[in-house]
Each structure stands twice: as structure tokens, then as C-alpha cells.
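Step one of this worksheet: look at the structure below.
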Amino acid sequence: MTAPFVPNDILRLATLRDLKLAEMSHEPAFDDLTRLAALICDTPIAGISFVDEHRQWFTSSIGLSVVETPRENAFCTYALLTEDVFQVRDAAADPRFADNPLVASGSQVRLYAGAPLVSRNGHALGALCVMDTSPRELGPEQVEALRILARQAMAMIELREALGDAAINALERTRAEEALLESEAVTKSFFDNAPMMMGLVELDGADIRHIADNAAAASFFGTPAEDMQGRLASELGVPPAHINLWLFHYRESERLNKPFRFEYEHEAPSGVRWMSATVSSVASAAGRKRRFCYVVEDVTDRKAMEGALAEARDKALAASRAKSVFLTTMNHELRTPLNAIIGYSELLEEDMTAPEQGIYSKDLARIKAAAKSLLGTIDDILDLSRLELNKITLRPERIDVARMLEEAGEAAAPFAEKTGCKLAIRCGEGVGEIVADPVRLHQCLKNLLTNAAKFTHNGFITLSAERAREGGREILRLSVADTGIGINPAMTDQLFDEFSQADTGSTRRYGGTGLGLTITRRLCRLMRGSIGVKSELGRGSTFTITLPIAEDSSP
Amino acid sequence: MTRSSSPLLPPPSQRTPYGTQEANMARILIIDDDKDFGEITVRRLSYGGHKATFHHGPFGSVNAIRKGEFELVILDISMPALNGAQIVQLIRETKGLEEVKILLYSGMDTESLRGEAAKLDVNSYLSKSASKDELLAKIKQLLPKPS
């Protein structure tokens with residue numbers, strides 16, 4: 001069966017919308033009315049339903065498992081049309097309702113009686129109804145009761161709509177108040193549980209009145225927080241000198257209009273404590289006394305640590321200064337006699353020209369060489385100390401690379417000669433100039449060359465230079481290759497570390513402090529370059545220095 | 001202890017690879033508070049044909065330079081009594097000595113010596129551990145003979 005036509009449906013639907021009934025699914029306020037209807041009519045099922053163009057829905061019901069049905073076959077629709085109580089004695093026998101899901105299945109409804117819910121402007125919007133599972137009829141009192149209850153339901157709906165906004169506003173106000181209370185609770189919990197002492201005060205002449213103090217502050221004063229409220233600092237046992245100190249800082253924070261931090265000593269029974277305080281004036285209502293908040297923290301431990309740190313730093317600085325002074329003194333004291341030894345050996349060598357003096361001149365040469373070697377060691381130790389103390393200043397100049405190689409080769413020639421090595425220099429085409437510290441670069445090359453000579457016997461040493469591009473910048477590669485004993489690959493990493501030759505035994509066998517490579521690497525890094533090594537045991541080693549061609553400070 | 005200028009006697013052997021003394025007669029003053037090393041320097045120079053004068057210690061050195069009309073002062077700057085900077089300043093501020101050549105000559109390590117030389121108004125520097133030949137080469141560079 002199709003749904004019967006309901007007159008004035010457009011206006012009726014508008015009223016439904018106005019009363020916001022479409023949004024109403026379950027309305028607990030109607031439940032009492034529904035229950036009352038079921039009691040009065042002695043039915044297991046009762047409900048309040050509304051009908052729009054598509055559906056019927058219950059906003060309150062008992063004994064029903066469905067809350068919404070299609071508009072077709074809805075009993076309620078007939079109640080709307082009747083505009084009075086509409087009653088069906090046995091729906092199963094009535095062809096209009098035989099297909100209704102409430103009848104055919106589910107609740108097995110037989111009796112239906114519904115009173116229309118008529119709005120003030122005369123539109124039937126829905127029905128208050130009762131249903132029973134066996135065929136029967138309601139008595140006239142029960143029918144009248146349904147009418148009354150329907151009017152009550154409609155009155156409630158209209159009253160609710162009229163009150164609507166005011167009621168909702170009131171609800172929102174309550175919620176805002178709750179939120180405020182909650183935020184207050186959060187603030188209070190923070191205030192109460194903060195590990196620092198904090199509170200709010202007013203200035204009262206030459207005294208300070210406590211308005212609110214947190215638990216940490218109360219425990220400091222030894223007075224419960226609520227007992228501190230409204231009391232003067234003097235009453236709380238704060239000595240006058242401290243009250244004046246606080247007054248001064250409160251007034252300063254007000255004058256400067258910003259928080260003011262200060263530290264002071266507090267004489268606690270356990271000893272003197274250092275306190276760090278911050279005060280700030282807070283906005284207060286017009287006509288009210290200016291208020292201030294304070295935060296105080298015990299910083300005794302931190303202060304002690306700071307003191308210890310400062311002391312340690314002073315000691316370290318003093319030790320570093322003492323080291324520098326010692327190095328300078330030692331340097332001078334060692335050099336003076338060594339220079340004299342070298343100088344006199346040279347003079348003697350020069351003066352001994354008679355053939356019979358030849359045996360002495362060989363010894364003299366040895367004395368001179370030993371003294372020079374000792375001087376070299378002193379230089380190395382000094383250089384390393386300076387590198388560690390960051391006290392080496394580079395003095396970059398333009399250097400002709402080919403000439404620099406020649407000079408390094410000349411300086412290393414005596415060492416190569418001593419171990420029977422041939423020294424070759426290979427300078428690639430167009431290597432040109434580099435901006436670097438000539439003294440330090442010479443030192444690096446000489447270190448590598450003398451090292452090569454030391455570990456190569458009757459072999460070849462090649463010093464070479466080439467320009468290349470690496471990582472987008474122009475670089476100079478300086479290599480010293482030898483055909484010597486080589487280095488165990490496992491040892492190449494620690495080769496550049498302080499005091500380590502590849503094989504600790506080799507220090508004794510080959511001599512040297514093992515500082516040369518350490519210094520060379522550090523100098524290379526200082527010159528924004530690097531050094532690396534490739535080696536094969538028994539076949540030789542190649543050390544390569546890589547330097548940027550142009551220094552930033554180039555002229 | 002005397003602080004007056006006292007030329008030391010030349011060494012017994014006067015063999016020089018640079019020709020006769022007269023041809024190379026540059027007026028050189030050595031200022032050092034180390035008497036031994038002063039003697040070494042005088043003798044080193046003598047092998048280059050230079051007849052140098054030794055002045056012991058810093059005091060009176062400015063007067064000595066003026067009186068001796070020296071062209072080159074070989075100055076040790078690690079003397080504890082008066083530091084190198086003060087002596088150099090003193091020399092440079094003395095009228096008539098603005099043009100005298102000064103060679104810093106010290107037992108300091110190269111790094112310190114370079115640092116000092118860079119700070120002072122001097123012509124060059126050399127380490128005392130440099131050989132005689134290096135010293136003579138340096139003198140030659142500082143006092144080119146008029147050809």
C-alpha cells in the first residue's frame with residue numbers, strides 16, 4: 001500500500017523543522033509520558049513518533065526494537081489524518097497494515113491506538129501511541145488519557161523550543177564556568193606543587209603582606225599556606241634587613257617595569273644557603289594595591305658547583321701558563337749550550353786543516369751531528385706542545401713549488417746519502433705557485449724525506465708535486481715515495497699518533513721520537529690540508545700531502 | 001764584568017773563502033749577553049773576512065753602535081735584562097741609527113724567532129743553530145758589496 005496523502009504537508013514539514021524535531025532521535029524527557037501511556041492503557045508497547053516525507057521515527061518508546069520505519073504502512077500517518085485518536089483493533093486483519101513490519105514480523109502488533117500530536121498552528125506532526133500484541137480495544141477513559149498525554153507531549157515540545165536558546169545559553173555558561181574552574185585547578189595544582197617557592201604579595205608601608213604562597217614557600221616559613229594569607233613578613237619572622245632587601249627589589253621591578261633577579265644569603269639552621277629570587281609586579285585591578293609575585297630557588301648546590309668549576313678552570317689555566325713558561329725556559333736553557341757545542345765544533349772543524357788532524361775532524365762532525373739531532377728533538381717537542389696549545393701562527397707567502405722541492409731535497413740530501421739512497425725530484429708541468437707558510441711546508445717535506453731515508457737502505461726516494469682538482473677546488477699533491485721496508489697496513493692508522501712508530505721496536509732500531517709524522521699531520525691540518533699514506537710491507541711507502549692551492553688570506 | 005765594547009782577537013787561522021779581509025770590511029757589531037757565543041759569532045764572521053766587534057750584554061749598545069759607525073748589528077734578543085723589542089726601539093729612535101741594518105740572531109726556535117721578527121722593525125733573522133755558511137750568506141744578503 002502507498003502512503004496516504006497528508007494535507008498541508010509542506011507547512012507541516014516546515015513546522016517539524018521549526019521545532020527541530022527531525023534532529024531529535026531519543027528524547028529522555030518523553031520517556032515518562034510514554035511509560036504513563038503504557039500503564040494507563042495496559043499495553044506492552046508505547047511510543048511517541050513523528051512523520052516526515054520519508055520516514056516515521058520514535059523519539060521515545062518502550063517495547064519496540066525499531067526506532068525508525070518507512071513512512072509507508074505507518075499507523076501514525078493515519079492518526080495524523082484522523083486528527084483524533086485513531087484505533088485499529090486487529091492490524092493483522094486490516095489490509096492497510098497487514099504488510100507493516102511491526103505487524104507481519106517483529107513485535108506482532110495487533111492493537112494500535114494513537115493520538116495525534118498537534119502543534120499550536122494546527123499541524124499534526126506525529127502521534128503518541130500504544131500497541132498490544134493481541135487484538136483488543138481501549139476503553140473511553142484510556143482514549144481520553146491518550147489525548148491528554150498527547151497534548152502534554154506537544155506542550156513540552158513547544159515549551160522546549162520557546163526556552164531553547166536561553167536554556168542552551170545557560171548550559172554553555174555552566175560549561176564555561178566549569179572550564180574556568182578546571183583551568184584554575186590546573187594553575188592551582190601547578191602553584192601548589194612547584195618545587196620553587198612562589199607567591200603573591202602586596203607592599204604595606206615598610207612591610208610586605210603575603211596574599212598567597214605555595215606549599216614550598218609555606219614549608220620554608222614553617223607555617224601552613226592558609227595561615228600565611230594576609231600576614232605581614234615581619235609577623236612571619238622575616239628579619240628587618242631581609243624585608244628591606246625584598247622591598248628594594250619589588251620597587252625596582254616596578255620602577256623598571258620588568259622582572260628583577262637577585263641573590264642573597266639565607267641563614268638556615270643547617271647553615272648558610274644561597275637563594276636566587278626573581279620578583280615581578282603583576283597587573284592588578286584599578287584602585288587596588290600593587291601586587292608582586294616572587295619566585296625563590298635554593299641555588300646553594302649550583303653555586304658550589306660553579307665555584308668548583310671556576311677553581312678547576314683557574315687551576316687548569318695556571319697549569320697551562322706554567323707549562324708555557326716552563327717550555328720557554330727549558331727551550332732557552334737547552335738551546336744555549338747546544339748552540340755553543342755546534343758552534344765550537346764548527347770552528348774546530350774549520351781550524352783543523354793539518355792532515356794529521358783528520359781523525360779529529362771526523363769525531364767533531366759526529367759531535368756536531370749529535371747536537372743537531374738533539375736540537376731537532378727539542379724543536380719537535382716544542383712544536384707539538386705549541387700545536388696542542390694552538391700557538392702556532394702560519395705566515396703564508398707565495399711559494400714557487402719547484403724551488404721549494406729543490407730546497408727540501410737539499411735539506412734531506414745528507415740523510416739520504418747516509419743510508420745510500422738516491423733522491424729524485426719530479427715536479428709536474430705548470431705546477432707553479434702555492435700560497436702557504438714556507439717554513440712549515442718545508443718542515444713537513446723534510447720530515448717525510450728524512451723518514452723515508454731512515455727506513456730505506458740503498459733504495460730510491462722520489463719527491464713529486466702535481467696540481468689536481470678535488471671536490472671542486474684546486475689542490476696541490478706533494479708525495480714522498482720510497483722503496484724501503486714499508487708499513488704493516490694494520491699500523492697505518494696509528495702511524496700519525498703521538499710517540500708511535502709503526503713498530504715500537506723500530507724506535508730503538510731506527511731512532512727518532514716518532515713525533516715527526518704527528519707534527520706533519522697537525523701542520524697539514526693547520527694549513528687546511530691533509531696527509532695520507534699507502535704502503536706495502538717490504539716494497540715501500542708513499543706519503544702524500546694534499547693542500548689547497550690558494551689560502552683565503554692570499555694577497 | 002765589563003760592558004764596554006771589546007773587539008776580540010781574530011782566530012789563529014785566517015783562511016777565508018771570500019777573499020781578503022779588506023775587501024769585505026763591513027762594520028758589524030755583535031750584541032749578545034753570552035760571551036761564548038759572542039766569540040763563536042766573531043770567529044764565524046772572520047771566516048767570511050768580516051772583522052766584527054763584540055758588545056757584551058745590552059747595556060751601552062746604542063752608544064757603541066753610534067761610536068763605531070756600524071752598518072749592521074747582529075742582535076741576540078733573548079737577553080733577560082732588556083728585551084729585544086726595547087733594544088730595537090732604542091736603536092731605531094736614536095738619531096742617525098734609523099738606517100742601521102739589524103739582524104735578529106737568537107737561540108730561540110724558529111717559530112718564536114719568526115714571531116719576534118714579524119713584530120719588530122728589523123731587517124732579517126737567523127737562528128744561532130744555523131751553520132757558519134748560512135750566517136755568511138745572510139750577511140752577504142744584508143750588506144751587498146758595491147760593485
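In the C-alpha cells, each chain is lettered A, B, ... as it comes, each chain's residues begin at 1, and ligands are numbered from 1 in order of appearance.
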
Contact residues (chain A, partner chain B, 10 Å, only C-alpha atoms) as number ranges by chain
A: 328, 331-344, 346-347, 350-353, 371-372, 375-376, 378-379, 382-383, 386, 391-395, 439-440

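The nearest approach to A:Phe460 among the residues A:Arg120, A:Lys422, A:Arg473, A:Arg525, with only C-alpha atoms taken into account, belongs to A:Lys422.
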
Considering only C-alpha atoms, can you say which of A:Gly486, A:Gly514, A:Pro259, A:Pro44 comes closest to A:Gly538?
A:Gly486

Mind checking which residues fall within 6 Å of stretch 430-435 of chain A, counting only C-alpha atoms, ignoring those fewer than 6 positions away in the same chain, and posting them as a ChimeraX atom specification?
/A:396-401,467,549-551

For stretch 79-88 of chain B: contacts at 10 Å, only C-alpha atoms, fewer than 2 positions along chain excluded, given as a list of chain:residue names:
B:Ile31, B:Asp32, B:Asp33, B:Asp34, B:Gly57, B:Pro58, B:Phe59, B:Ser61, B:Val62, B:Leu75, B:Asp76, B:Ile77, B:Leu90, B:Ile91, B:Arg92, B:Glu93, B:Ile102, B:Leu104, B:Ser106, B:Glu116, B:Ala117, B:Lys119, B:Leu120, B:Asp121, B:Val122

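The spacing separating atom CA of A:Glu68 from atom CA of A:Arg55 amounts to 7.0 Å.
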
Near stretch 134-140 of chain B, within 8 Å and counting only C-alpha atoms, which residues show up once chain neighbours fewer than 6 positions away are dropped, as a PyMOL selection string?
chain B and resi 44-45+48+126

Residues of stretch 99-244 of chain A in strand (DSSP E), written as a ChimeraX atom specification
/A:111-118,124-132,197-204,207-213
